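So this block is work36.cif, mmCIF, C-alpha atoms and all ligand atoms:
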data_work
loop_
_atom_site.group_PDB
_atom_site.id
_atom_site.type_symbol
_atom_site.label_atom_id
_atom_site.label_comp_id
_atom_site.auth_asym_id
_atom_site.auth_seq_id
_atom_site.Cartn_x
_atom_site.Cartn_y
_atom_site.Cartn_z
ATOM 1 C CA MET A 1 0.000 0.000 0.000
ATOM 2 C CA ASP A 2 1.157 3.532 -0.743
ATOM 3 C CA THR A 3 2.374 5.145 2.491
ATOM 4 C CA TRP A 4 0.239 8.277 2.083
ATOM 5 C CA LEU A 5 -2.838 6.129 1.491
ATOM 6 C CA ALA A 6 -1.959 3.983 4.519
ATOM 7 C CA VAL A 7 -1.608 7.050 6.761
ATOM 8 C CA ALA A 8 -4.753 8.732 5.428
ATOM 9 C CA SER A 9 -6.973 5.644 5.690
ATOM 10 C CA LYS A 10 -5.785 4.264 9.050
ATOM 11 C CA ARG A 11 -8.475 4.458 11.727
ATOM 12 C CA ASP A 12 -8.492 2.935 15.176
ATOM 13 C CA TRP A 13 -10.740 -0.140 15.320
ATOM 14 C CA ARG A 14 -12.349 -1.543 18.434
ATOM 15 C CA SER A 15 -14.159 -4.499 16.928
ATOM 16 C CA TYR A 16 -12.410 -7.604 15.626
ATOM 17 C CA ALA A 17 -13.216 -10.822 13.774
ATOM 18 C CA ASP A 18 -12.947 -14.006 15.799
ATOM 19 C CA ARG A 19 -9.975 -15.399 13.890
ATOM 20 C CA PRO A 20 -6.243 -15.451 14.523
ATOM 21 C CA VAL A 21 -3.605 -13.351 12.791
ATOM 22 C CA PRO A 22 -1.032 -15.744 11.264
ATOM 23 C CA GLU A 23 2.356 -15.947 12.927
ATOM 24 C CA ASP A 24 4.259 -14.441 9.961
ATOM 25 C CA VAL A 25 1.979 -11.380 9.934
ATOM 26 C CA GLN A 26 2.432 -10.976 13.702
ATOM 27 C CA GLN A 27 6.186 -11.202 13.176
ATOM 28 C CA ARG A 28 6.135 -8.382 10.630
ATOM 29 C CA ILE A 29 4.071 -6.201 12.962
ATOM 30 C CA LEU A 30 6.488 -6.828 15.831
ATOM 31 C CA ASP A 31 9.491 -6.274 13.562
ATOM 32 C CA ALA A 32 8.048 -2.898 12.547
ATOM 33 C CA GLY A 33 8.178 -1.993 16.237
ATOM 34 C CA ARG A 34 11.734 -3.260 16.579
ATOM 35 C CA LEU A 35 12.879 -1.295 13.536
ATOM 36 C CA SER A 36 11.590 2.024 14.842
ATOM 37 C CA GLY A 37 14.026 4.809 15.538
ATOM 38 C CA SER A 38 14.480 5.958 19.112
ATOM 39 C CA SER A 39 16.409 8.659 20.911
ATOM 40 C CA VAL A 40 20.166 7.844 20.681
ATOM 41 C CA ASN A 41 19.040 4.458 19.340
ATOM 42 C CA LYS A 42 18.333 3.341 22.888
ATOM 43 C CA GLN A 43 15.522 1.012 21.806
ATOM 44 C CA PRO A 44 14.013 1.320 25.278
ATOM 45 C CA TRP A 45 11.131 -1.073 24.648
ATOM 46 C CA LEU A 46 10.102 -4.586 25.478
ATOM 47 C CA PHE A 47 7.174 -6.015 23.486
ATOM 48 C CA VAL A 48 4.994 -8.458 25.437
ATOM 49 C CA VAL A 49 2.557 -10.333 23.184
ATOM 50 C CA VAL A 50 -0.778 -11.059 24.860
ATOM 51 C CA GLU A 51 -2.387 -13.929 22.968
ATOM 52 C CA SER A 52 -4.012 -16.613 25.108
ATOM 53 C CA ASP A 53 -7.677 -16.188 26.082
ATOM 54 C CA ASP A 54 -6.665 -16.276 29.717
ATOM 55 C CA ALA A 55 -4.001 -13.574 29.305
ATOM 56 C CA LYS A 56 -6.377 -11.404 27.254
ATOM 57 C CA GLU A 57 -9.025 -11.698 29.970
ATOM 58 C CA ARG A 58 -6.542 -10.662 32.668
ATOM 59 C CA ILE A 59 -5.079 -7.773 30.650
ATOM 60 C CA ALA A 60 -8.599 -6.590 29.722
ATOM 61 C CA GLU A 61 -9.066 -5.776 33.413
ATOM 62 C CA VAL A 62 -6.107 -3.371 33.539
ATOM 63 C CA VAL A 63 -6.882 -1.148 30.502
ATOM 64 C CA TYR A 64 -9.592 1.485 30.075
ATOM 65 C CA ALA A 65 -11.406 -0.298 27.228
ATOM 66 C CA GLY A 66 -11.380 -3.975 28.232
ATOM 67 C CA GLU A 67 -13.458 -5.138 25.256
ATOM 68 C CA ASN A 68 -10.676 -4.085 22.882
ATOM 69 C CA ILE A 69 -8.355 -6.624 24.504
ATOM 70 C CA ARG A 70 -10.970 -9.298 25.181
ATOM 71 C CA THR A 71 -12.046 -9.462 21.519
ATOM 72 C CA CYS A 72 -8.754 -8.829 19.694
ATOM 73 C CA ALA A 73 -6.603 -11.526 18.059
ATOM 74 C CA PHE A 74 -3.595 -10.373 20.051
ATOM 75 C CA ALA A 75 -2.303 -7.332 21.906
ATOM 76 C CA VAL A 76 1.232 -6.116 22.465
ATOM 77 C CA ALA A 77 2.212 -4.389 25.689
ATOM 78 C CA ILE A 78 5.049 -1.955 25.026
ATOM 79 C CA ALA A 79 6.994 -1.549 28.244
ATOM 80 C CA THR A 80 9.886 0.740 29.133
ATOM 81 C CA ASP A 81 11.843 1.628 32.252
ATOM 82 C CA GLY A 82 9.422 3.536 34.447
ATOM 83 C CA GLY A 83 7.022 3.976 31.530
ATOM 84 C CA LYS A 84 9.359 6.603 30.078
ATOM 85 C CA TYR A 85 10.148 7.348 26.419
ATOM 86 C CA PRO A 86 6.538 7.924 25.278
ATOM 87 C CA PHE A 87 7.777 9.597 22.096
ATOM 88 C CA ASP A 88 9.826 6.529 21.093
ATOM 89 C CA VAL A 89 6.927 4.244 21.993
ATOM 90 C CA GLY A 90 4.594 6.363 19.862
ATOM 91 C CA ARG A 91 6.864 5.903 16.874
ATOM 92 C CA ALA A 92 6.982 2.121 17.381
ATOM 93 C CA LEU A 93 3.227 1.985 17.878
ATOM 94 C CA GLN A 94 2.427 3.829 14.667
ATOM 95 C CA ASN A 95 4.921 1.758 12.648
ATOM 96 C CA MET A 96 3.244 -1.381 13.975
ATOM 97 C CA PHE A 97 -0.211 0.026 13.177
ATOM 98 C CA LEU A 98 0.670 0.921 9.600
ATOM 99 C CA THR A 99 2.400 -2.402 8.975
ATOM 100 C CA ALA A 100 -0.675 -4.178 10.342
ATOM 101 C CA TRP A 101 -2.998 -2.063 8.188
ATOM 102 C CA ASN A 102 -0.938 -2.969 5.114
ATOM 103 C CA GLU A 103 -1.810 -6.607 5.951
ATOM 104 C CA GLY A 104 -5.514 -5.866 6.434
ATOM 105 C CA VAL A 105 -5.136 -6.002 10.221
ATOM 106 C CA VAL A 106 -6.819 -3.238 12.227
ATOM 107 C CA SER A 107 -5.715 -1.937 15.603
ATOM 108 C CA CYS A 108 -6.291 0.445 18.513
ATOM 109 C CA PRO A 109 -4.079 1.923 21.240
ATOM 110 C CA ASN A 110 -5.105 1.039 24.792
ATOM 111 C CA GLY A 111 -4.267 3.180 27.781
ATOM 112 C CA VAL A 112 -3.416 1.400 31.046
ATOM 113 C CA LYS A 113 -5.681 2.225 33.995
ATOM 114 C CA ASP A 114 -3.995 0.014 36.605
ATOM 115 C CA ALA A 115 -0.231 0.023 36.068
ATOM 116 C CA GLU A 116 0.562 -2.080 39.131
ATOM 117 C CA ALA A 117 -1.769 -4.892 38.083
ATOM 118 C CA ALA A 118 -0.529 -4.639 34.490
ATOM 119 C CA VAL A 119 3.081 -5.167 35.624
ATOM 120 C CA ARG A 120 1.998 -8.249 37.571
ATOM 121 C CA GLU A 121 -0.138 -9.743 34.790
ATOM 122 C CA LEU A 122 2.518 -9.113 32.122
ATOM 123 C CA GLY A 123 5.267 -10.605 34.295
ATOM 124 C CA LEU A 124 7.403 -7.471 33.923
ATOM 125 C CA ASP A 125 10.609 -6.968 35.867
ATOM 126 C CA GLU A 126 10.624 -4.415 38.657
ATOM 127 C CA GLY A 127 10.771 -0.890 37.272
ATOM 128 C CA ARG A 128 9.299 -1.709 33.873
ATOM 129 C CA LEU A 129 5.909 -0.208 33.056
ATOM 130 C CA PRO A 130 3.670 -0.670 30.021
ATOM 131 C CA VAL A 131 3.182 2.645 28.185
ATOM 132 C CA ASN A 132 0.383 1.303 25.991
ATOM 133 C CA ILE A 133 -1.144 -2.076 25.083
ATOM 134 C CA PRO A 134 -2.367 -1.843 21.472
ATOM 135 C CA SER A 135 -4.893 -4.436 20.275
ATOM 136 C CA PHE A 136 -4.775 -6.050 16.798
ATOM 137 C CA GLY A 137 -7.102 -8.226 14.739
ATOM 138 C CA TYR A 138 -8.840 -8.649 11.436
ATOM 139 C CA PRO A 139 -11.944 -6.497 10.985
ATOM 140 C CA LYS A 140 -15.282 -8.347 10.927
ATOM 141 C CA ARG A 141 -15.616 -7.373 7.269
ATOM 142 C CA PRO A 142 -12.431 -7.057 5.193
ATOM 143 C CA GLN A 143 -11.555 -3.449 4.446
ATOM 144 C CA ASP A 144 -10.110 -2.176 1.202
ATOM 145 C CA PRO A 145 -8.437 1.222 1.633
ATOM 146 C CA GLU A 146 -7.952 1.388 -2.130
ATOM 147 C CA THR A 147 -11.667 2.011 -2.667
ATOM 148 C CA ARG A 148 -10.923 5.708 -2.021
ATOM 149 C CA SER A 149 -8.019 7.968 -2.784
ATOM 150 C CA ALA A 150 -5.793 9.226 0.013
ATOM 151 C CA GLU A 151 -7.233 12.697 -0.600
ATOM 152 C CA GLU A 152 -10.769 11.360 -0.092
ATOM 153 C CA TRP A 153 -9.754 9.603 3.129
ATOM 154 C CA SER A 154 -8.103 12.813 4.280
ATOM 155 C CA ALA A 155 -11.162 14.934 3.515
ATOM 156 C CA GLU A 156 -13.458 12.534 5.411
ATOM 157 C CA ALA A 157 -11.255 12.101 8.478
ATOM 158 C CA ASN A 158 -12.624 13.322 11.802
ATOM 159 C CA ARG A 159 -9.748 15.748 12.226
ATOM 160 C CA LYS A 160 -9.286 19.489 12.629
ATOM 161 C CA PRO A 161 -8.576 21.277 9.361
ATOM 162 C CA LEU A 162 -4.923 21.720 8.501
ATOM 163 C CA ASP A 163 -5.100 25.511 8.403
ATOM 164 C CA GLU A 164 -6.129 25.493 12.092
ATOM 165 C CA LEU A 165 -3.048 23.471 12.963
ATOM 166 C CA VAL A 166 -0.255 24.894 10.839
ATOM 167 C CA ARG A 167 1.687 28.083 11.439
ATOM 168 C CA ARG A 168 4.566 29.325 9.353
ATOM 169 C CA VAL A 169 7.322 31.604 10.541
HETATM 170 C C1 LIG B 201 -2.061 7.629 23.684
HETATM 171 C C2 LIG B 201 -3.402 7.103 23.217
HETATM 172 C C3 LIG B 201 -4.170 6.354 24.080
HETATM 173 C C4 LIG B 201 -5.406 5.853 23.649
HETATM 174 N N1 LIG B 201 -6.127 5.090 24.508
HETATM 175 C C5 LIG B 201 -7.251 4.506 24.073
HETATM 176 C C6 LIG B 201 -7.974 3.647 24.939
HETATM 177 O O1 LIG B 201 -7.595 3.419 26.095
HETATM 178 N N2 LIG B 201 -9.090 3.050 24.453
HETATM 179 C C7 LIG B 201 -9.537 3.289 23.188
HETATM 180 O O2 LIG B 201 -10.546 2.692 22.805
HETATM 181 N N3 LIG B 201 -8.885 4.133 22.346
HETATM 182 C C8 LIG B 201 -7.745 4.735 22.760
HETATM 183 N N4 LIG B 201 -7.061 5.570 21.921
HETATM 184 C C9 LIG B 201 -7.543 5.790 20.544
HETATM 185 C C10 LIG B 201 -8.089 7.212 20.293
HETATM 186 O O3 LIG B 201 -9.373 7.328 20.846
HETATM 187 C C11 LIG B 201 -8.101 7.430 18.756
HETATM 188 O O4 LIG B 201 -6.781 7.497 18.318
HETATM 189 C C12 LIG B 201 -8.824 8.687 18.297
HETATM 190 O O5 LIG B 201 -10.146 8.711 18.761
HETATM 191 C C13 LIG B 201 -8.838 8.782 16.779
HETATM 192 O O6 LIG B 201 -9.481 7.669 16.253
HETATM 193 P P1 LIG B 201 -9.647 7.451 14.668
HETATM 194 O O7 LIG B 201 -8.249 7.378 14.068
HETATM 195 O O8 LIG B 201 -10.367 6.144 14.502
HETATM 196 O O9 LIG B 201 -10.399 8.632 14.131
HETATM 197 C C14 LIG B 201 -5.862 6.123 22.333
HETATM 198 C C15 LIG B 201 -5.071 6.885 21.482
HETATM 199 C C16 LIG B 201 -3.851 7.356 21.901
HETATM 200 C C17 LIG B 201 -2.996 8.163 20.940
#
As structure tokens, how would this structure be written, given the file I've shared?
Amino acid sequence: MDTWLAVASKRDWRSYADRPVPEDVQQRILDAGRLSGSSVNKQPWLFVVVESDDAKERIAEVVYAGENIRTCAFAVAIATDGGKYPFDVGRALQNMFLTAWNEGVVSCPNGVKDAEAAVRELGLDEGRLPVNIPSFGYPKRPQDPETRSAEEWSAEANRKPLDELVRRV
């Protein structure tokens, strides 16, 4: 998929088909996270894949929108020392989202409401905290971003207009 089309058409999805995402697709999504740039190339992240029904049920209890985790094919907790480096994590997250979208896999970020319980349920070492736990899965009906142009996706997006957001000096 063209990168501009991928960016323009990517939406966050909270409803997933009840079918797994193949291992090779999961690998590409995780590798997109690994490949992300980070400040001084520190690569501060650990990616914890949440895939069993039992793990999903337990992690659903520690995020704000439990259904996202309960119904997804898999989720990936991105943990850093003390939950720091949110900028780096954001870059990894979006790379993973766009790589997933290129494979027809939809996704949503998930904020953590109970960090202490999340650390316990994810089996994280002392001092590590999950910054976000994005959920991934196939949509209930396959989506084809190519049905519209990137410009059409952009025009329809629920976003502030560009001229409200851009200043030039
Ligand atoms: C840091 C961050 C945390 C978010 N946390 C949640 C969340 O806990 N639950 C949820 O359903 N969506 C969450 N979202 C998704 C936002 O609601 C979403 O990006 C926004 O509404 C735009 O959605 P759209 O791209 O589908 O228009 C989060 C997004 C970000 C960037």
Exercise for review: Find the residues near A:Gly127: any atom within 10 Å, counting all atoms listed in the file, skip ones fewer than 5 places away on the same chain, and give them as JSON, numbers by chain.
Suggested key: {"A": [79, 80, 81, 82, 83, 119]}
Write the residues of the preceding selection, restricted to C-alpha atoms, as a PDB file, in the frame of the given file.
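Saved the output as part35.pdb:
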ATOM      1  CA  ALA A  79       6.994  -1.549  28.244  1.00  0.00           C
ATOM      2  CA  THR A  80       9.886   0.740  29.133  1.00  0.00           C
ATOM      3  CA  ASP A  81      11.843   1.628  32.252  1.00  0.00           C
ATOM      4  CA  GLY A  82       9.422   3.536  34.447  1.00  0.00           C
ATOM      5  CA  GLY A  83       7.022   3.976  31.530  1.00  0.00           C
ATOM      6  CA  VAL A 119       3.081  -5.167  35.624  1.00  0.00           C
TER       7      VAL A 119
END
Chain A residues near ligand LIG 201 (chain B) within 8 Å, closest pair each, using all atoms listed in the file, as a Markdown table:
| residue | atom | partner | partner_atom | distance |
| --- | --- | --- | --- | --- |
| A:Lys10 | CA | B:LIG201 | O7 | 6.4 |
| A:Arg11 | CA | B:LIG201 | O7 | 3.7 |
| A:Asp12 | CA | B:LIG201 | O8 | 3.8 |
| A:Trp13 | CA | B:LIG201 | O8 | 6.3 |
| A:Arg14 | CA | B:LIG201 | O2 | 6.3 |
| A:Val63 | CA | B:LIG201 | O1 | 6.4 |
| A:Tyr64 | CA | B:LIG201 | O1 | 4.9 |
| A:Ala65 | CA | B:LIG201 | N2 | 4.9 |
| A:Asn68 | CA | B:LIG201 | O2 | 6.8 |
| A:Gly90 | CA | B:LIG201 | C1 | 7.8 |
| A:Cys108 | CA | B:LIG201 | C9 | 5.9 |
| A:Pro109 | CA | B:LIG201 | C14 | 4.7 |
| A:Asn110 | CA | B:LIG201 | O1 | 3.7 |
| A:Gly111 | CA | B:LIG201 | O1 | 3.7 |
| A:Val112 | CA | B:LIG201 | O1 | 6.8 |
| A:Asn132 | CA | B:LIG201 | C3 | 7.1 |
| A:Ala157 | CA | B:LIG201 | O9 | 6.7 |
| A:Asn158 | CA | B:LIG201 | O9 | 5.7 |
| A:Arg159 | CA | B:LIG201 | O9 | 7.4 |
Point to revise | Selection under test: the PyMOL selection byres (((chain A and resi 34-47) around 7) and not hetatm); residues as a PyMOL selection string | key: chain A and resi 30-33+48-49+76-80+88+91-92
Practice item. Using the chain letters and numbering of this document, enumerate as number ranges by chain the residues selected by the PyMOL selection byres (((chain A and resi 17-26) around 7) and not hetatm). Key: A: 16, 27-30, 73, 137-140
Using only C-alpha atoms, please write the residues we just selected to a file, as a compact mmCIF listing (two decimals), in the frame of the given file.
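Result went into selection_32.txt, see below:
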# COMPACT_ATOMS: atom_id res chain seq x y z
CA TYR A 16 -12.41 -7.60 15.63
CA GLN A 27 6.19 -11.20 13.18
CA ARG A 28 6.14 -8.38 10.63
CA ILE A 29 4.07 -6.20 12.96
CA LEU A 30 6.49 -6.83 15.83
CA ALA A 73 -6.60 -11.53 18.06
CA GLY A 137 -7.10 -8.23 14.74
CA TYR A 138 -8.84 -8.65 11.44
CA PRO A 139 -11.94 -6.50 10.98
CA LYS A 140 -15.28 -8.35 10.93
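Applied to the file shown here, the PyMOL selection byres (((chain A and resi 153) around 12) and not hetatm) selects the residues Trp4, Leu5, Ala6, Val7, Ala8, Ser9, Lys10, Arg11, Asp144, Pro145, Glu146, Thr147, Arg148, Ser149, Ala150, Glu151, Glu152, Ser154, Ala155, Glu156, Ala157, Asn158 and Arg159 of chain A.
One finds atom CA of A:Val105 at 27.8 Å from atom CA of A:Leu162.
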I'd like the box whose edges run along x, y and z of the file and which contains every listed atom of stretch 147-150 of chain A, padded by 5 Å per side; could you state its centre and edge lengths in Å, one decimal, as AutoDock Vina command-line options?
--center_x -8.7 --center_y 5.6 --center_z -1.4 --size_x 15.9 --size_y 17.2 --size_z 12.8
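The smallest atom-to-atom distance between A:Ala60 and any of A:Lys113, A:Arg128, A:Arg167, A:Arg141, using only C-alpha atoms, is found for A:Lys113.
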Check your understanding: Counting all atoms listed in the file, which of A:Ala117, A:Val89, A:Ser52, A:Phe97 gets nearest to A:Phe74?
Key -> A:Ser52
